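What follows is my_file29.cif (mmCIF, C-alpha atoms).
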```
data_work
loop_
_atom_site.group_PDB
_atom_site.id
_atom_site.type_symbol
_atom_site.label_atom_id
_atom_site.label_comp_id
_atom_site.auth_asym_id
_atom_site.auth_seq_id
_atom_site.Cartn_x
_atom_site.Cartn_y
_atom_site.Cartn_z
ATOM 1 C CA MET A 2 95.771 96.402 94.334
ATOM 2 C CA SER A 3 94.415 95.651 90.885
ATOM 3 C CA ASP A 4 93.822 92.884 88.365
ATOM 4 C CA LYS A 5 94.110 95.273 85.402
ATOM 5 C CA ASP A 6 93.625 93.365 82.164
ATOM 6 C CA ASN A 7 94.795 95.775 79.474
ATOM 7 C CA GLY A 8 91.777 96.499 77.333
ATOM 8 C CA ALA A 9 89.532 93.625 78.372
ATOM 9 C CA ASN A 10 87.596 96.057 80.586
ATOM 10 C CA ASP A 11 86.290 98.390 77.877
ATOM 11 C CA ASP A 12 82.841 98.299 79.481
ATOM 12 C CA VAL A 13 84.136 100.262 82.510
ATOM 13 C CA PRO A 14 84.986 103.985 82.043
ATOM 14 C CA PHE A 15 88.480 103.849 83.516
ATOM 15 C CA ASN A 16 90.489 107.015 84.103
ATOM 16 C CA ARG A 17 94.255 106.470 83.983
ATOM 17 C CA ASP A 18 95.105 110.174 83.865
ATOM 18 C CA TYR A 19 96.919 110.671 87.161
ATOM 19 C CA PRO A 20 99.878 113.059 86.891
ATOM 20 C CA LEU A 21 100.482 113.381 90.664
ATOM 21 C CA LYS A 22 104.167 112.934 91.568
ATOM 22 C CA PRO A 23 105.341 111.065 94.691
ATOM 23 C CA GLY A 24 105.823 113.185 97.792
ATOM 24 C CA VAL A 25 103.832 116.169 96.497
ATOM 25 C CA VAL A 26 100.992 117.387 98.741
ATOM 26 C CA ASP A 27 97.866 117.536 96.581
ATOM 27 C CA GLN A 28 94.936 119.564 97.974
ATOM 28 C CA VAL A 29 92.114 117.646 96.271
ATOM 29 C CA ARG A 30 89.248 119.240 98.188
ATOM 30 C CA PRO A 31 88.977 121.600 101.162
ATOM 31 C CA ASN A 32 90.103 119.558 104.178
ATOM 32 C CA VAL A 33 91.317 116.641 102.012
ATOM 33 C CA ARG A 34 94.951 116.322 100.936
ATOM 34 C CA ARG A 35 96.748 113.347 99.457
ATOM 35 C CA VAL A 36 100.362 112.275 99.134
ATOM 36 C CA LEU A 37 101.428 109.604 96.638
ATOM 37 C CA CYS A 38 103.965 106.969 97.675
ATOM 38 C CA ASN A 39 106.681 106.063 95.180
ATOM 39 C CA ASN A 40 105.730 102.369 94.869
ATOM 40 C CA PRO A 41 104.479 101.960 91.285
ATOM 41 C CA SER A 42 103.769 98.452 89.942
ATOM 42 C CA PRO A 43 101.291 96.599 87.707
ATOM 43 C CA PHE A 44 99.174 96.110 90.865
ATOM 44 C CA THR A 45 99.509 99.564 92.476
ATOM 45 C CA PHE A 46 99.406 101.764 89.319
ATOM 46 C CA THR A 47 101.510 104.874 90.094
ATOM 47 C CA GLY A 48 101.635 104.039 93.816
ATOM 48 C CA THR A 49 99.600 104.146 97.026
ATOM 49 C CA ASN A 50 97.616 107.255 97.987
ATOM 50 C CA SER A 51 97.734 108.399 101.620
ATOM 51 C CA TYR A 52 95.055 110.917 102.609
ATOM 52 C CA ILE A 53 95.132 113.729 105.178
ATOM 53 C CA VAL A 54 91.699 114.729 106.504
ATOM 54 C CA GLY A 55 91.092 118.042 108.263
ATOM 55 C CA THR A 56 93.397 120.926 109.151
ATOM 56 C CA GLY A 57 95.203 121.657 112.397
ATOM 57 C CA LYS A 58 94.241 118.402 114.107
ATOM 58 C CA VAL A 59 94.185 115.840 111.317
ATOM 59 C CA ALA A 60 93.681 112.187 110.453
ATOM 60 C CA ILE A 61 95.873 110.232 108.041
ATOM 61 C CA ILE A 62 94.275 107.391 106.082
ATOM 62 C CA ASP A 63 96.593 104.552 104.925
ATOM 63 C CA PRO A 64 100.210 105.430 105.805
ATOM 64 C CA GLY A 65 101.358 103.138 102.974
ATOM 65 C CA PRO A 66 104.181 100.601 102.660
ATOM 66 C CA ALA A 67 107.287 100.553 104.818
ATOM 67 C CA SER A 68 108.998 103.589 103.320
ATOM 68 C CA ASP A 69 111.131 106.152 105.135
ATOM 69 C CA ALA A 70 110.744 108.578 102.224
ATOM 70 C CA HIS A 71 106.943 108.368 102.278
ATOM 71 C CA LEU A 72 106.869 108.672 106.070
ATOM 72 C CA GLN A 73 108.943 111.841 105.818
ATOM 73 C CA ALA A 74 106.689 113.197 103.040
ATOM 74 C CA LEU A 75 103.628 112.675 105.259
ATOM 75 C CA LEU A 76 105.314 114.320 108.265
ATOM 76 C CA ASP A 77 106.398 117.251 106.099
ATOM 77 C CA ALA A 78 102.824 117.589 104.780
ATOM 78 C CA VAL A 79 101.450 118.020 108.318
ATOM 79 C CA LYS A 80 104.266 120.180 109.698
ATOM 80 C CA GLY A 81 102.860 122.477 112.370
ATOM 81 C CA GLU A 82 99.729 120.314 112.689
ATOM 82 C CA THR A 83 98.830 117.486 115.064
ATOM 83 C CA VAL A 84 98.018 113.999 113.781
ATOM 84 C CA THR A 85 95.321 112.725 116.151
ATOM 85 C CA HIS A 86 94.033 109.696 114.212
ATOM 86 C CA ILE A 87 95.481 107.118 111.828
ATOM 87 C CA PHE A 88 92.949 105.072 109.829
ATOM 88 C CA VAL A 89 93.945 101.880 108.002
ATOM 89 C CA THR A 90 91.598 100.485 105.363
ATOM 90 C CA HIS A 91 93.154 97.012 105.071
ATOM 91 C CA THR A 92 96.308 95.038 105.734
ATOM 92 C CA HIS A 93 98.048 94.662 102.389
ATOM 93 C CA SER A 94 101.739 95.553 102.321
ATOM 94 C CA ASP A 95 101.166 98.646 100.175
ATOM 95 C CA HIS A 96 98.754 100.218 102.705
ATOM 96 C CA SER A 97 99.503 99.434 106.353
ATOM 97 C CA PRO A 98 103.186 98.668 107.186
ATOM 98 C CA ASN A 99 104.154 102.367 107.602
ATOM 99 C CA THR A 100 101.551 102.702 110.388
ATOM 100 C CA ALA A 101 103.869 101.773 113.271
ATOM 101 C CA ALA A 102 106.484 104.351 112.250
ATOM 102 C CA LEU A 103 103.843 107.067 111.767
ATOM 103 C CA LYS A 104 102.327 106.265 115.176
ATOM 104 C CA ALA A 105 105.777 106.411 116.765
ATOM 105 C CA ALA A 106 106.437 109.803 115.164
ATOM 106 C CA THR A 107 103.048 111.356 115.994
ATOM 107 C CA GLY A 108 101.564 109.485 118.967
ATOM 108 C CA ALA A 109 98.279 109.184 117.051
ATOM 109 C CA THR A 110 95.721 106.446 117.767
ATOM 110 C CA VAL A 111 95.314 103.756 115.086
ATOM 111 C CA TYR A 112 91.809 102.788 113.931
ATOM 112 C CA ALA A 113 90.922 99.826 111.675
ATOM 113 C CA GLU A 114 88.435 96.986 111.265
ATOM 114 C CA GLY A 115 90.958 94.521 112.670
ATOM 115 C CA PRO A 116 94.196 92.619 112.051
ATOM 116 C CA HIS A 117 94.753 90.601 108.887
ATOM 117 C CA ARG A 118 92.711 87.454 108.357
ATOM 118 C CA ALA A 119 91.753 85.361 105.355
ATOM 119 C CA SER A 120 88.224 85.386 103.956
ATOM 120 C CA ARG A 121 88.000 81.622 104.498
ATOM 121 C CA PRO A 122 90.117 78.847 106.012
ATOM 122 C CA ARG A 123 92.739 77.386 103.690
ATOM 123 C CA PHE A 124 91.612 74.083 102.178
ATOM 124 C CA GLU A 125 93.766 71.070 103.053
ATOM 125 C CA SER A 126 94.120 70.380 99.333
ATOM 126 C CA GLU A 127 95.666 73.815 98.723
ATOM 127 C CA LYS A 128 99.428 74.018 98.618
ATOM 128 C CA HIS A 129 100.451 75.922 101.709
ATOM 129 C CA SER A 130 101.815 79.313 100.802
ATOM 130 C CA PRO A 131 101.227 82.419 102.917
ATOM 131 C CA GLU A 132 99.055 85.005 101.204
ATOM 132 C CA SER A 133 101.369 87.322 99.344
ATOM 133 C CA GLY A 134 101.434 90.888 100.449
ATOM 134 C CA ALA A 135 99.643 90.441 103.780
ATOM 135 C CA ASP A 136 100.795 92.617 106.699
ATOM 136 C CA ARG A 137 100.466 90.182 109.601
ATOM 137 C CA ASP A 138 102.208 92.483 112.083
ATOM 138 C CA PHE A 139 99.515 95.175 111.999
ATOM 139 C CA LYS A 140 97.425 95.636 115.143
ATOM 140 C CA PRO A 141 95.059 98.604 115.516
ATOM 141 C CA ASP A 142 94.613 100.442 118.824
ATOM 142 C CA VAL A 143 90.863 100.687 118.257
ATOM 143 C CA LEU A 144 88.660 98.224 116.361
ATOM 144 C CA VAL A 145 86.068 100.012 114.227
ATOM 145 C CA ALA A 146 82.655 98.377 113.722
ATOM 146 C CA ASP A 147 80.580 98.766 110.564
ATOM 147 C CA GLY A 148 78.573 101.989 110.933
ATOM 148 C CA GLU A 149 80.672 103.333 113.809
ATOM 149 C CA VAL A 150 81.483 107.050 113.559
ATOM 150 C CA ILE A 151 84.873 108.392 114.685
ATOM 151 C CA GLU A 152 84.898 112.148 115.275
ATOM 152 C CA GLY A 153 87.853 114.495 114.997
ATOM 153 C CA ASP A 154 88.390 118.254 114.885
ATOM 154 C CA GLY A 155 85.982 119.433 112.169
ATOM 155 C CA TRP A 156 85.448 116.024 110.581
ATOM 156 C CA ALA A 157 83.717 112.698 111.271
ATOM 157 C CA LEU A 158 84.377 109.403 109.508
ATOM 158 C CA GLU A 159 82.029 106.408 109.477
ATOM 159 C CA GLY A 160 83.468 102.921 109.123
ATOM 160 C CA VAL A 161 81.916 101.107 106.149
ATOM 161 C CA ALA A 162 82.835 97.415 106.170
ATOM 162 C CA THR A 163 83.604 96.395 102.577
ATOM 163 C CA PRO A 164 85.042 92.860 102.708
ATOM 164 C CA GLY A 165 86.034 91.162 99.468
ATOM 165 C CA HIS A 166 89.454 92.469 98.435
ATOM 166 C CA THR A 167 90.459 91.427 101.960
ATOM 167 C CA ALA A 168 88.287 90.174 104.806
ATOM 168 C CA ASN A 169 89.125 93.239 106.927
ATOM 169 C CA HIS A 170 88.708 95.862 104.198
ATOM 170 C CA MET A 171 86.964 98.989 105.511
ATOM 171 C CA ALA A 172 86.121 102.199 103.679
ATOM 172 C CA PHE A 173 85.577 105.438 105.587
ATOM 173 C CA ALA A 174 82.713 107.794 104.776
ATOM 174 C CA TRP A 175 82.605 111.522 105.474
ATOM 175 C CA ARG A 176 78.819 111.547 105.349
ATOM 176 C CA GLU A 177 78.410 115.307 105.633
ATOM 177 C CA LYS A 178 80.381 115.862 102.415
ATOM 178 C CA LYS A 179 79.311 112.637 100.663
ATOM 179 C CA TYR A 180 82.956 111.522 100.366
ATOM 180 C CA LEU A 181 84.043 107.886 100.635
ATOM 181 C CA PHE A 182 87.671 106.901 101.192
ATOM 182 C CA VAL A 183 87.199 103.598 99.426
ATOM 183 C CA ALA A 184 90.794 102.267 99.306
ATOM 184 C CA ASP A 185 91.123 99.212 97.018
ATOM 185 C CA HIS A 186 87.473 98.171 96.904
ATOM 186 C CA VAL A 187 86.779 100.576 94.020
ATOM 187 C CA MET A 188 89.497 102.119 91.852
ATOM 188 C CA GLY A 189 89.132 104.486 88.922
ATOM 189 C CA TRP A 190 92.069 103.142 86.900
ATOM 190 C CA SER A 191 91.306 99.391 87.040
ATOM 191 C CA THR A 192 89.270 96.629 88.616
ATOM 192 C CA SER A 193 90.409 95.306 92.016
ATOM 193 C CA ILE A 194 92.077 91.965 92.566
ATOM 194 C CA VAL A 195 90.052 89.423 94.548
ATOM 195 C CA ALA A 196 92.322 86.474 95.337
ATOM 196 C CA PRO A 197 91.146 83.612 97.602
ATOM 197 C CA PRO A 198 91.614 82.752 100.376
ATOM 198 C CA ASP A 199 92.704 86.328 101.174
ATOM 199 C CA GLY A 200 89.733 87.712 99.247
ATOM 200 C CA SER A 201 86.203 86.550 98.452
ATOM 201 C CA MET A 202 84.130 87.336 95.346
ATOM 202 C CA ILE A 203 80.931 86.542 97.260
ATOM 203 C CA ASP A 204 81.852 89.215 99.828
ATOM 204 C CA TYR A 205 83.193 91.586 97.174
ATOM 205 C CA MET A 206 79.937 91.612 95.176
ATOM 206 C CA ALA A 207 77.870 92.085 98.343
ATOM 207 C CA SER A 208 80.079 95.050 99.273
ATOM 208 C CA LEU A 209 79.622 96.602 95.812
ATOM 209 C CA ASP A 210 75.856 96.267 96.222
ATOM 210 C CA LYS A 211 76.171 97.882 99.655
ATOM 211 C CA LEU A 212 78.043 100.885 98.236
ATOM 212 C CA ALA A 213 75.538 101.209 95.383
ATOM 213 C CA ALA A 214 72.798 101.696 97.985
ATOM 214 C CA ARG A 215 74.694 104.499 99.780
ATOM 215 C CA ASP A 216 74.697 108.181 98.803
ATOM 216 C CA GLU A 217 78.405 109.092 98.682
ATOM 217 C CA ASP A 218 79.085 110.468 95.207
ATOM 218 C CA LEU A 219 82.847 111.145 95.329
ATOM 219 C CA TYR A 220 85.290 108.323 96.049
ATOM 220 C CA PHE A 221 88.928 108.741 97.038
ATOM 221 C CA SER A 222 90.732 105.559 96.048
ATOM 222 C CA GLY A 223 93.830 103.769 97.307
ATOM 223 C CA HIS A 224 95.449 104.051 93.870
ATOM 224 C CA GLY A 225 94.849 106.470 91.029
ATOM 225 C CA PRO A 226 92.510 109.442 90.685
ATOM 226 C CA ASP A 227 89.351 110.216 92.616
ATOM 227 C CA ILE A 228 86.071 108.899 91.206
ATOM 228 C CA PRO A 229 83.252 111.404 90.605
ATOM 229 C CA ASP A 230 79.686 110.195 89.937
ATOM 230 C CA ALA A 231 80.640 107.214 92.073
ATOM 231 C CA GLN A 232 77.245 105.469 92.121
ATOM 232 C CA ARG A 233 77.215 105.236 88.326
ATOM 233 C CA TYR A 234 80.772 103.889 88.376
ATOM 234 C CA VAL A 235 79.903 101.207 90.954
ATOM 235 C CA ARG A 236 77.057 100.058 88.716
ATOM 236 C CA PHE A 237 79.573 99.725 85.846
ATOM 237 C CA LEU A 238 81.775 97.552 88.083
ATOM 238 C CA ILE A 239 78.860 95.321 89.080
ATOM 239 C CA ARG A 240 77.924 94.841 85.412
ATOM 240 C CA HIS A 241 81.554 94.126 84.545
ATOM 241 C CA ARG A 242 81.848 91.410 87.212
ATOM 242 C CA ARG A 243 78.592 89.829 86.065
ATOM 243 C CA ALA A 244 79.924 89.863 82.495
ATOM 244 C CA ARG A 245 83.166 88.208 83.667
ATOM 245 C CA GLU A 246 81.067 85.540 85.400
ATOM 246 C CA ALA A 247 79.057 85.028 82.178
ATOM 247 C CA SER A 248 82.319 84.636 80.201
ATOM 248 C CA ILE A 249 83.482 81.912 82.594
ATOM 249 C CA LEU A 250 80.164 80.099 82.269
ATOM 250 C CA HIS A 251 80.303 80.473 78.463
ATOM 251 C CA ARG A 252 83.753 78.830 78.372
ATOM 252 C CA LEU A 253 82.654 76.013 80.700
ATOM 253 C CA GLY A 254 79.644 75.523 78.429
ATOM 254 C CA LYS A 255 82.127 74.282 75.812
ATOM 255 C CA GLY A 256 83.534 71.678 78.183
ATOM 256 C CA GLU A 257 85.480 71.115 81.402
ATOM 257 C CA ALA A 258 88.476 73.412 81.878
ATOM 258 C CA ASP A 259 91.195 74.337 84.341
ATOM 259 C CA ILE A 260 91.853 77.926 85.410
ATOM 260 C CA PRO A 261 94.768 78.684 83.013
ATOM 261 C CA THR A 262 92.522 77.616 80.104
ATOM 262 C CA ILE A 263 89.736 79.905 81.316
ATOM 263 C CA VAL A 264 92.176 82.827 81.762
ATOM 264 C CA ARG A 265 93.423 82.428 78.165
ATOM 265 C CA ALA A 266 89.842 82.374 76.925
ATOM 266 C CA ILE A 267 88.511 85.439 78.732
ATOM 267 C CA TYR A 268 91.471 87.779 79.361
ATOM 268 C CA ILE A 269 92.483 88.963 75.887
ATOM 269 C CA GLY A 270 95.737 90.914 75.630
ATOM 270 C CA LEU A 271 96.605 90.330 79.271
ATOM 271 C CA ASP A 272 99.905 91.704 80.582
ATOM 272 C CA PRO A 273 101.875 88.461 81.247
ATOM 273 C CA ARG A 274 102.887 89.822 84.676
ATOM 274 C CA LEU A 275 99.212 89.679 85.674
ATOM 275 C CA THR A 276 98.463 86.089 84.617
ATOM 276 C CA GLY A 277 98.686 84.815 88.195
ATOM 277 C CA ALA A 278 96.397 87.552 89.517
ATOM 278 C CA ALA A 279 93.892 86.877 86.738
ATOM 279 C CA GLY A 280 93.888 83.190 87.696
ATOM 280 C CA TYR A 281 93.030 84.013 91.304
ATOM 281 C CA SER A 282 90.298 86.392 90.163
ATOM 282 C CA VAL A 283 88.805 83.554 88.092
ATOM 283 C CA LEU A 284 89.117 81.263 91.127
ATOM 284 C CA ALA A 285 87.179 83.838 93.184
ATOM 285 C CA HIS A 286 84.366 83.773 90.616
ATOM 286 C CA LEU A 287 84.459 79.964 90.504
ATOM 287 C CA GLU A 288 84.177 79.734 94.313
ATOM 288 C CA ASP A 289 81.031 81.845 94.062
ATOM 289 C CA LEU A 290 79.643 79.762 91.173
ATOM 290 C CA VAL A 291 80.364 76.475 93.001
ATOM 291 C CA ALA A 292 78.697 77.823 96.156
ATOM 292 C CA ARG A 293 75.609 78.724 94.085
ATOM 293 C CA GLY A 294 75.487 75.242 92.519
ATOM 294 C CA LEU A 295 76.110 76.447 88.941
ATOM 295 C CA VAL A 296 79.579 74.912 88.566
ATOM 296 C CA LEU A 297 81.039 71.616 89.808
ATOM 297 C CA THR A 298 84.583 70.586 90.713
ATOM 298 C CA ASP A 299 86.062 67.490 92.331
ATOM 299 C CA GLY A 300 86.898 68.367 95.931
ATOM 300 C CA ASP A 301 87.371 71.942 97.081
ATOM 301 C CA PRO A 302 87.441 74.842 94.591
ATOM 302 C CA VAL A 303 91.200 75.472 94.374
ATOM 303 C CA ILE A 304 93.575 77.156 91.928
ATOM 304 C CA GLY A 305 94.733 73.818 90.479
ATOM 305 C CA GLY A 306 91.225 72.375 90.083
ATOM 306 C CA SER A 307 89.201 71.498 86.998
ATOM 307 C CA TYR A 308 85.695 72.916 86.596
ATOM 308 C CA ARG A 309 82.566 71.950 84.681
ATOM 309 C CA MET A 310 78.988 73.099 84.340
ATOM 310 C CA ALA A 311 76.550 71.621 86.843
ATOM 311 C CA ALA A 312 73.788 71.102 84.280
#
```
Serialized structure, structure tokens:
Amino acid sequence: MSDKDNGANDDVPFNRDYPLKPGVVDQVRPNVRRVLCNNPSPFTFTGTNSYIVGTGKVAIIDPGPASDAHLQALLDAVKGETVTHIFVTHTHSDHSPNTAALKAATGATVYAEGPHRASRPRFESEKHSPESGADRDFKPDVLVADGEVIEGDGWALEGVATPGHTANHMAFAWREKKYLFVADHVMGWSTSIVAPPDGSMIDYMASLDKLAARDEDLYFSGHGPDIPDAQRYVRFLIRHRRAREASILHRLGKGEADIPTIVRAIYIGLDPRLTGAAGYSVLAHLEDLVARGLVLTDGDPVIGGSYRMAA
């Protein structure tokens, strides 16, 4: 899920060339196939990628949204094979709801970091509204710890905890091949949305730094094309987020402002459908800046708050 801002991200070398059609089995590498779900939107790009790892006895990563058509496409893709493992990277409604139906059809065991949870408790001053797009019904069979390796027939995947986009976000590394199934933490077509309290910019930046220190050089993303030269790309994303933070501080340097004012100042040419997402991304940065003592607000840092420089 993305916070694409239509041209305001020129510092990141995005790749929006992704001609894959829904339901088609795409053999991207030996022992890695993907099937695109037909759920395009401003947040999901052309739709959600599900990945099939291995041959014969296989794992499926991210069964996608509740979709009978996508479920059937996945089952058709593995006809004559046995699905032994289902991995879920995080519990947004475009990634995990199809898991129960796929498990029922295959009998496979479900692996994930854990059920859905917010990155922080909801502040009393926040209007109560459930986080949009959260799959609260998801429960894995097996909880995967950071660094834990799950082995299958001819493949092994290591859980890499990458909180930030959600608290339970987990990428899966095929260390032997230097592949990382990175889901929504890093995407080649756009930046990722980080929307408190579901997400946390503090966690997100720490997870980017964590990936930058690893050696996987090909990322398979939850939306859009794979990302070659992945370490270089992660460094672009880190610089972009730091630049976004600097833009927020620059605007606050001119005087106190609320979040809509900051969004208008720093997201130029924004698709109006993404204004809300941009506001939550700014809030995520502001939470981080308040926690570091650089920005002040009265009360808790919330979407409706007003913010000013600490100095």
Q) For the atom pair atom CA of Gln232 of chain A and atom CA of Phe182 of chain A, what is the interatomic distance in Å to one decimal place? A) 13.9 Å
Against segment 282-287 of chain A, which residues of segment 132-234 of chain A fall within 9 Å? For each one I want the closest pair of atoms and the distance in Å (one decimal), counting all atoms listed in the file, rows by chain and increasing residue number, as CSV.
```
residue,atom,partner,partner_atom,distance
A:Ile194,CA,A:Ser282,CA,6.3
A:Val195,CA,A:Ser282,CA,5.3
A:Ala196,CA,A:Ser282,CA,5.6
A:Pro197,CA,A:Ala285,CA,5.9
A:Pro198,CA,A:Ala285,CA,8.5
A:Gly200,CA,A:Ala285,CA,7.6
A:Ser201,CA,A:Ala285,CA,6.0
A:Met202,CA,A:Ala285,CA,5.1
A:Ile203,CA,A:Ala285,CA,7.9
```
Q) Looking at only C-alpha atoms, which of A:Met2, A:Ile151, A:Ala172, A:Val145 is the one that sits closest to Ala278 of chain A? A)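 Of A:Met2, A:Ile151, A:Ala172, A:Val145, the one nearest Ala278 of chain A is A:Met2, counting only C-alpha atoms.
Picture a line from atom CA of Leu21 of chain A to atom CA of Leu158 of chain A; it runs 25.1 Å.
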Q | Protein/DNA/RNA residues near (79.9, 110.3, 100.8), cut 8 Å, all atoms listed in the file, as a list in words | A |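 Selection result: Ala174, Trp175, Arg176, Glu177, Lys178, Lys179, Tyr180, Leu181, Arg215, Asp216, Glu217, Asp218, Leu219 and Tyr220 of chain A.
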Q) Care to translate the PyMOL selection byres ((chain A and resi 96-98) around 9) into actual residues of this file, as a PyMOL selection string? A) chain A and resi 49-51+63-68+89-95+99-102+136+138-139+184+223
Q: Have a look at A:Arg123, A:Arg242, A:Lys140, A:Arg118 and name the one nearest to Pro164 of chain A; count all atoms listed in the file.
A: A:Arg118
Box for segment 38-56 of chain A: with edges along x, y and z, all listed atoms inside and 8 Å added on each side, what are the centre and edge lengths in Å to one decimal, as AutoDock Vina command-line options?
```
--center_x 98.9 --center_y 108.5 --center_z 98.4 --size_x 31.6 --size_y 40.8 --size_z 37.4
```
Q.
Can you tell me which residues surround Leu37 of chain A at a distance of at most 9 Å, considering only C-alpha atoms, apart from same-chain residues fewer than 5 positions away, and format the answer as a list in words?
A.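 Residues meeting the cut-off are Leu21, Lys22, Pro23, Gly24, Val25, Val26, Asp27, Thr47, Gly48, Thr49, Asn50, Ser51, Tyr52, His71 and His224 of chain A.
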Q: One decimal, Å: what's the distance from atom CA of Ser248 of chain A over to atom CA of Asp289 of chain A, could you say?
A: 14.2 Å
Q | Explicit residues for the PyMOL selection byres ((chain A and resi 209) around 10) (as a PyMOL selection string) | A | chain A and resi 163-165+186-187+204-208+210-214+232+235-236+238-239
Q: To verify the selection step, state as a PyMOL selection string which residues the PyMOL selection byres ((chain A and resi 155) around 12) yields on this input.
A: chain A and resi 31-33+54-60+151-154+156-158+175+177-178
Go ahead and dump the residues you just picked, C-alpha atoms, as a PDB file, keeping the file's coordinate frame.
```pdb
ATOM      1  CA  PRO A  31      88.977 121.600 101.162  1.00  0.00           C
ATOM      2  CA  ASN A  32      90.103 119.558 104.178  1.00  0.00           C
ATOM      3  CA  VAL A  33      91.317 116.641 102.012  1.00  0.00           C
ATOM      4  CA  VAL A  54      91.699 114.729 106.504  1.00  0.00           C
ATOM      5  CA  GLY A  55      91.092 118.042 108.263  1.00  0.00           C
ATOM      6  CA  THR A  56      93.397 120.926 109.151  1.00  0.00           C
ATOM      7  CA  GLY A  57      95.203 121.657 112.397  1.00  0.00           C
ATOM      8  CA  LYS A  58      94.241 118.402 114.107  1.00  0.00           C
ATOM      9  CA  VAL A  59      94.185 115.840 111.317  1.00  0.00           C
ATOM     10  CA  ALA A  60      93.681 112.187 110.453  1.00  0.00           C
ATOM     11  CA  ILE A 151      84.873 108.392 114.685  1.00  0.00           C
ATOM     12  CA  GLU A 152      84.898 112.148 115.275  1.00  0.00           C
ATOM     13  CA  GLY A 153      87.853 114.495 114.997  1.00  0.00           C
ATOM     14  CA  ASP A 154      88.390 118.254 114.885  1.00  0.00           C
ATOM     15  CA  TRP A 156      85.448 116.024 110.581  1.00  0.00           C
ATOM     16  CA  ALA A 157      83.717 112.698 111.271  1.00  0.00           C
ATOM     17  CA  LEU A 158      84.377 109.403 109.508  1.00  0.00           C
ATOM     18  CA  TRP A 175      82.605 111.522 105.474  1.00  0.00           C
ATOM     19  CA  GLU A 177      78.410 115.307 105.633  1.00  0.00           C
ATOM     20  CA  LYS A 178      80.381 115.862 102.415  1.00  0.00           C
TER      21      LYS A 178
END
```
N, CA and C atoms are what I want for segment 170-182 of chain A; can you complete it accordingly and write them as a short mmCIF file (atom, residue, chain, number, x, y, z; two decimals), keeping the file's coordinate frame?
```
data_model
loop_
_atom_site.label_atom_id
_atom_site.label_comp_id
_atom_site.auth_asym_id
_atom_site.auth_seq_id
_atom_site.Cartn_x
_atom_site.Cartn_y
_atom_site.Cartn_z
N HIS A 170 88.72 94.60 104.95
CA HIS A 170 88.71 95.86 104.20
C HIS A 170 87.59 96.76 104.72
N MET A 171 87.94 98.02 105.02
CA MET A 171 86.96 98.99 105.51
C MET A 171 87.17 100.33 104.82
N ALA A 172 86.11 100.84 104.21
CA ALA A 172 86.12 102.20 103.68
C ALA A 172 85.69 103.15 104.79
N PHE A 173 85.96 104.44 104.60
CA PHE A 173 85.58 105.44 105.59
C PHE A 173 84.82 106.57 104.91
N ALA A 174 83.60 106.82 105.39
CA ALA A 174 82.71 107.79 104.78
C ALA A 174 82.68 109.09 105.58
N TRP A 175 82.86 110.21 104.89
CA TRP A 175 82.60 111.52 105.47
C TRP A 175 81.22 111.90 105.00
N ARG A 176 80.21 111.48 105.79
CA ARG A 176 78.82 111.55 105.35
C ARG A 176 78.38 112.97 105.00
N GLU A 177 78.83 113.92 105.81
CA GLU A 177 78.41 115.31 105.63
C GLU A 177 78.76 115.83 104.23
N LYS A 178 79.91 115.38 103.71
CA LYS A 178 80.38 115.86 102.42
C LYS A 178 80.11 114.86 101.28
N LYS A 179 79.55 113.71 101.64
CA LYS A 179 79.31 112.64 100.66
C LYS A 179 80.61 112.17 100.00
N TYR A 180 81.68 112.07 100.81
CA TYR A 180 82.96 111.52 100.37
C TYR A 180 83.08 110.10 100.92
N LEU A 181 83.71 109.23 100.15
CA LEU A 181 84.04 107.89 100.64
C LEU A 181 85.50 107.60 100.31
N PHE A 182 86.29 107.35 101.36
CA PHE A 182 87.67 106.90 101.19
C PHE A 182 87.60 105.38 101.02
#
```
